[in-house]
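> Take this structure first; my questions come after.
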Amino acid sequence: MAEAASDVVDAGAVLAAINEDFLCCAICLERYSAPKILPCQHTFCKKCLVKLAEKRAPNALMCPTCNRSVGVPVRDLQSNFFMSSLLDKIPEKLEVVTPRVCEFCEENEVTSICVECRQYSCTPCTRVHKKTKTTKCHQVLSLREYQEAKKKPFAVKPLQFCDVHTENQLKYYCDTCQTPICMECTIIDHRVPEHKHRYIKQVADEYIKELKVKVGKLKVKADEVETSKIFAKTTCQKLKSRCEEEEAKINKETDEILEDLRRQMEAVKQKKERLVDELKTEYTAKVKNMEIKVDDLEMKHGNIVSTCSYLETLVQHGSPGQILSAKQVYQQQINGLITMETKSPIVPDAIEFKPHQGKETVGLLKVNVCPQNCSLDNIPKQLIKGDTATLIVTTRDNEGKQVVPSQVVKARVTKPDGSSDDIKVQDNNDGTHTLMVHGNIDGKYKVSVTIDNQPIPGTPAQINVIKGLVKTIGREGSGQGEYNTPRGVTVNKNGDIVTADYENKRLQITDKNGNHKNIMKIENCTPIDVCTFNDKYYMTDFTNKQVVISDMDGHVVKQFSEHMKDPLCIAIRPVDGMVYVSDWHGEVGDERDKDGHWIRKYTKNGDYIKSFGGYGNNPGQFKGPKYMAVDNQGILFVGDFDNDCIQVFNTNDEYIYSFKCSGHGEGQIYGPRGIAIDNEGYVYVADLNNKVQKFDRSGCFICRIDKDTDGLNRPSGIVLTDDVPCRIVVADKGNDCVKIFAQ
């Protein structure tokens, strides 16, 4: 009888007002059973959710509709009371017969029905029902009222009772606790003045107005998403059409090439096919990406529409208690949907075919790149003055893929003196561009790169160009990369630095950045100075009083020693390979001085030619000749140690002039040691003042290369690298290292 009595309102009319799909679970496709509402506001049967949860890790349940994480166990999910109420109102069988006999006394004719008990009763039983303490608050309708209610679905709403005081009807709303309450609650758990109360219908009416406004906004959002979805679909079609247009361009260009270059027909065909494949692959990927965006927009649209449908049904048919019970659950979801981004610009990356003007090949596929995804790479932390930095611009599309750009890449450099110039940008036709920055001035350079006049990230990039001491190589010791009294130094054909590691009795080779390359022990040789000529090393052997020639691997080729007594340093004239050896026999004041202080001259094969100099103060005489250098004209410069000067000899070994300014200040020479000459004729001198100074070829002081803080200690041999401007490499004898300077 109770099952029959459950038809409080006409089920057919209710089903006409509510779509049957609204009452079905999306998992089992049947009417909801114990419906549970997820945080994303989608509703499913409890048993369906339990089955899904059993297949996943704990707390890994995902919403089957929107794939959002649930994050809580199924048992802790809130029941959808509104949906349960609808299911109760709408039975599975629409054909329900109203009983004729009272369901309480089973004797008298039916005159009324109790909405809460869902039972039909006679007039006496109805009076008893209304007077009974537990049922006196129930709604009782006469059969006439019931017939009227059948014409208006949901006109009669069941009363809501308190969860705590289950016999009491919910009549108030506690604003303080945000929950419906009964009269007894206002006295016990929600007393004034700590709690503020209002009639539940007043609060529900206010919230209904608010929900109607928000439903209106959600409908606007739904229209926006629908518009964006249509535009995205249209864009997909345009991309496909553009792909066909570009393919037509490729075919047209290819046909022209095949007419002009028949012998290259097969190669051009292959190129065409590759380009078409690339084009289709690229456009297919972009169309796929756009379709993903369409799917995302459709999901957003579905979420908004389903939420609107649910809220509209809730507003139209829910009781105040049901509406307010769902308030906290839906508030955040509604606001999130309203503020959701639905108008994001959809700008497809067009791929364009660019033919080569020269017709040597078909051409390239070029794309509109995204400047914000491009980068400037290979930026040095610092650049030595005179060096050149090669920077790489990598161009990428919206997805971050390296592509050949259809836009123009421009670069500009601002120098330390405030001047600025455009930099030539070389397109490598592979998604990279090369640009070169020349560090001619010390200080900070700023490099700006723009694409379509938009700066790329990381620009302007700063490059610090430095001069002075730029590198110290090695330390005291006998291991790899260590020195013990380094003396002579030279640069071989590979640009590597070769040092006569005197006390370690070896040659040690590093690149110009100080990276160790090789150690060469020359058999039975103690090298004190070294130079190179014709892929051979020439070194003075202090122990055996000779000059040793070896190949680049350290294998001895020849030795010679004619007329030598104490060979010290060595220099070779580049034009003809004439070898000069400074021969300092004895010390100043020693009776042997008359036998020493000579420059010995040999052929490149070691054949003795002559000697010149001798002990004395006169022009052409020496007191301790040490390091020498020969310029590109064949002029010989000799460091005269105890005469504190540099003596200069012509190609016939005749004295020309000397420059001397003995002292300890800048521009003065005291005990000259290492000498080097650059291609412009400037002379670099290291002396006992622990300085390296630059002079013009007549001896006029130009500048000091090092600083006091660089800490040179008895610098010996020096050599210049092939860089422009060159670097100055100094053997720092007292510090057992090699130092490199930029000017």
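Residues are named by chain letter and number: chains run A, B, ... in the order of the structure tokens, numbers start at 1 in each chain, and ligands are numbered from 1 in the order shown.
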May I have all residues of range 292-509 of chain A that DSSP, computed from the backbone, assigns to helix (DSSP H, G or I), given as number ranges by chain?
A: 292-317, 320-325, 327-338, 371-373
> Calculate how many Å separate CA of Val548 in chain A from CA of Arg600 in chain A, rounding to one decimal.
14.9 Å
> Using backbone DSSP assignments, extract all strand (DSSP E) residues from range 385-529 of chain A; output them as a ChimeraX atom specification.
/A:388-394,409-414,420-423,426-427,432-438,443-451,454-455,461-466,468-473,475-476,482-483,486-491,497-501,506-510,516-520,527-529
> I need the residue nearest Tyr173 in chain A from this list: A:Leu324, A:Cys645, A:Cys40, A:Cys105. Use only C-alpha atoms for the distance.
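Nearest candidate to Tyr173 in chain A out of A:Leu324, A:Cys645, A:Cys40, A:Cys105: A:Leu324.
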> Would you mind telling me which residue in A:Leu636, A:Ile675, A:Leu87, A:Met265 lies nearest to Cys24 in chain A when using only C-alpha atoms?
A:Leu87
> Identify, on the basis of only C-alpha atoms, every residue whose closest approach to range 552-562 of chain A does not exceed 8 Å; exclude the query and any residue fewer than 6 positions from it along the same chain; express the result as a list in words.
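After dropping sequence-adjacent residues, the list is Met520, Lys521, Ile522, Glu523, Asp535, Lys536, Tyr537, Lys545, Gln546, Gly606, Asp607 and Tyr608 of chain A.
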> Please provide as a PyMOL selection string all residues within 6 Å of Tyr172 in chain A, with the sequence filter that same-chain residues fewer than 3 positions apart are discarded (counting only C-alpha atoms).
chain A and resi 180-182+198-200
> I want to know what sits within 10 Å of Ser79 in chain A, based on only C-alpha atoms, with residues of the same chain fewer than 2 positions away left out; could you give that as a list in words?
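Residues near the query, excluding close chain neighbours: Ala34, Pro35, Lys36, Ile37, Leu38, Thr43, Phe44, Cys45, Lys46, Arg75, Asp76, Leu77, Phe81, Phe82, Met83 and Ser84 of chain A.
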> In terms of the shortest atom-to-atom distance over only C-alpha atoms, which of A:Ile669, A:Ile451, A:Cys122, A:Leu52 is closest to Leu141 in chain A?
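Closest to Leu141 in chain A of all the choices is A:Cys122.
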> Name the residues in contact with range 716-718 of chain A at a cut-off of 6 Å, using only C-alpha atoms, excluding same-chain residues fewer than 2 positions from it; report them as a ChimeraX atom specification.
/A:487-489,673-674,729-731
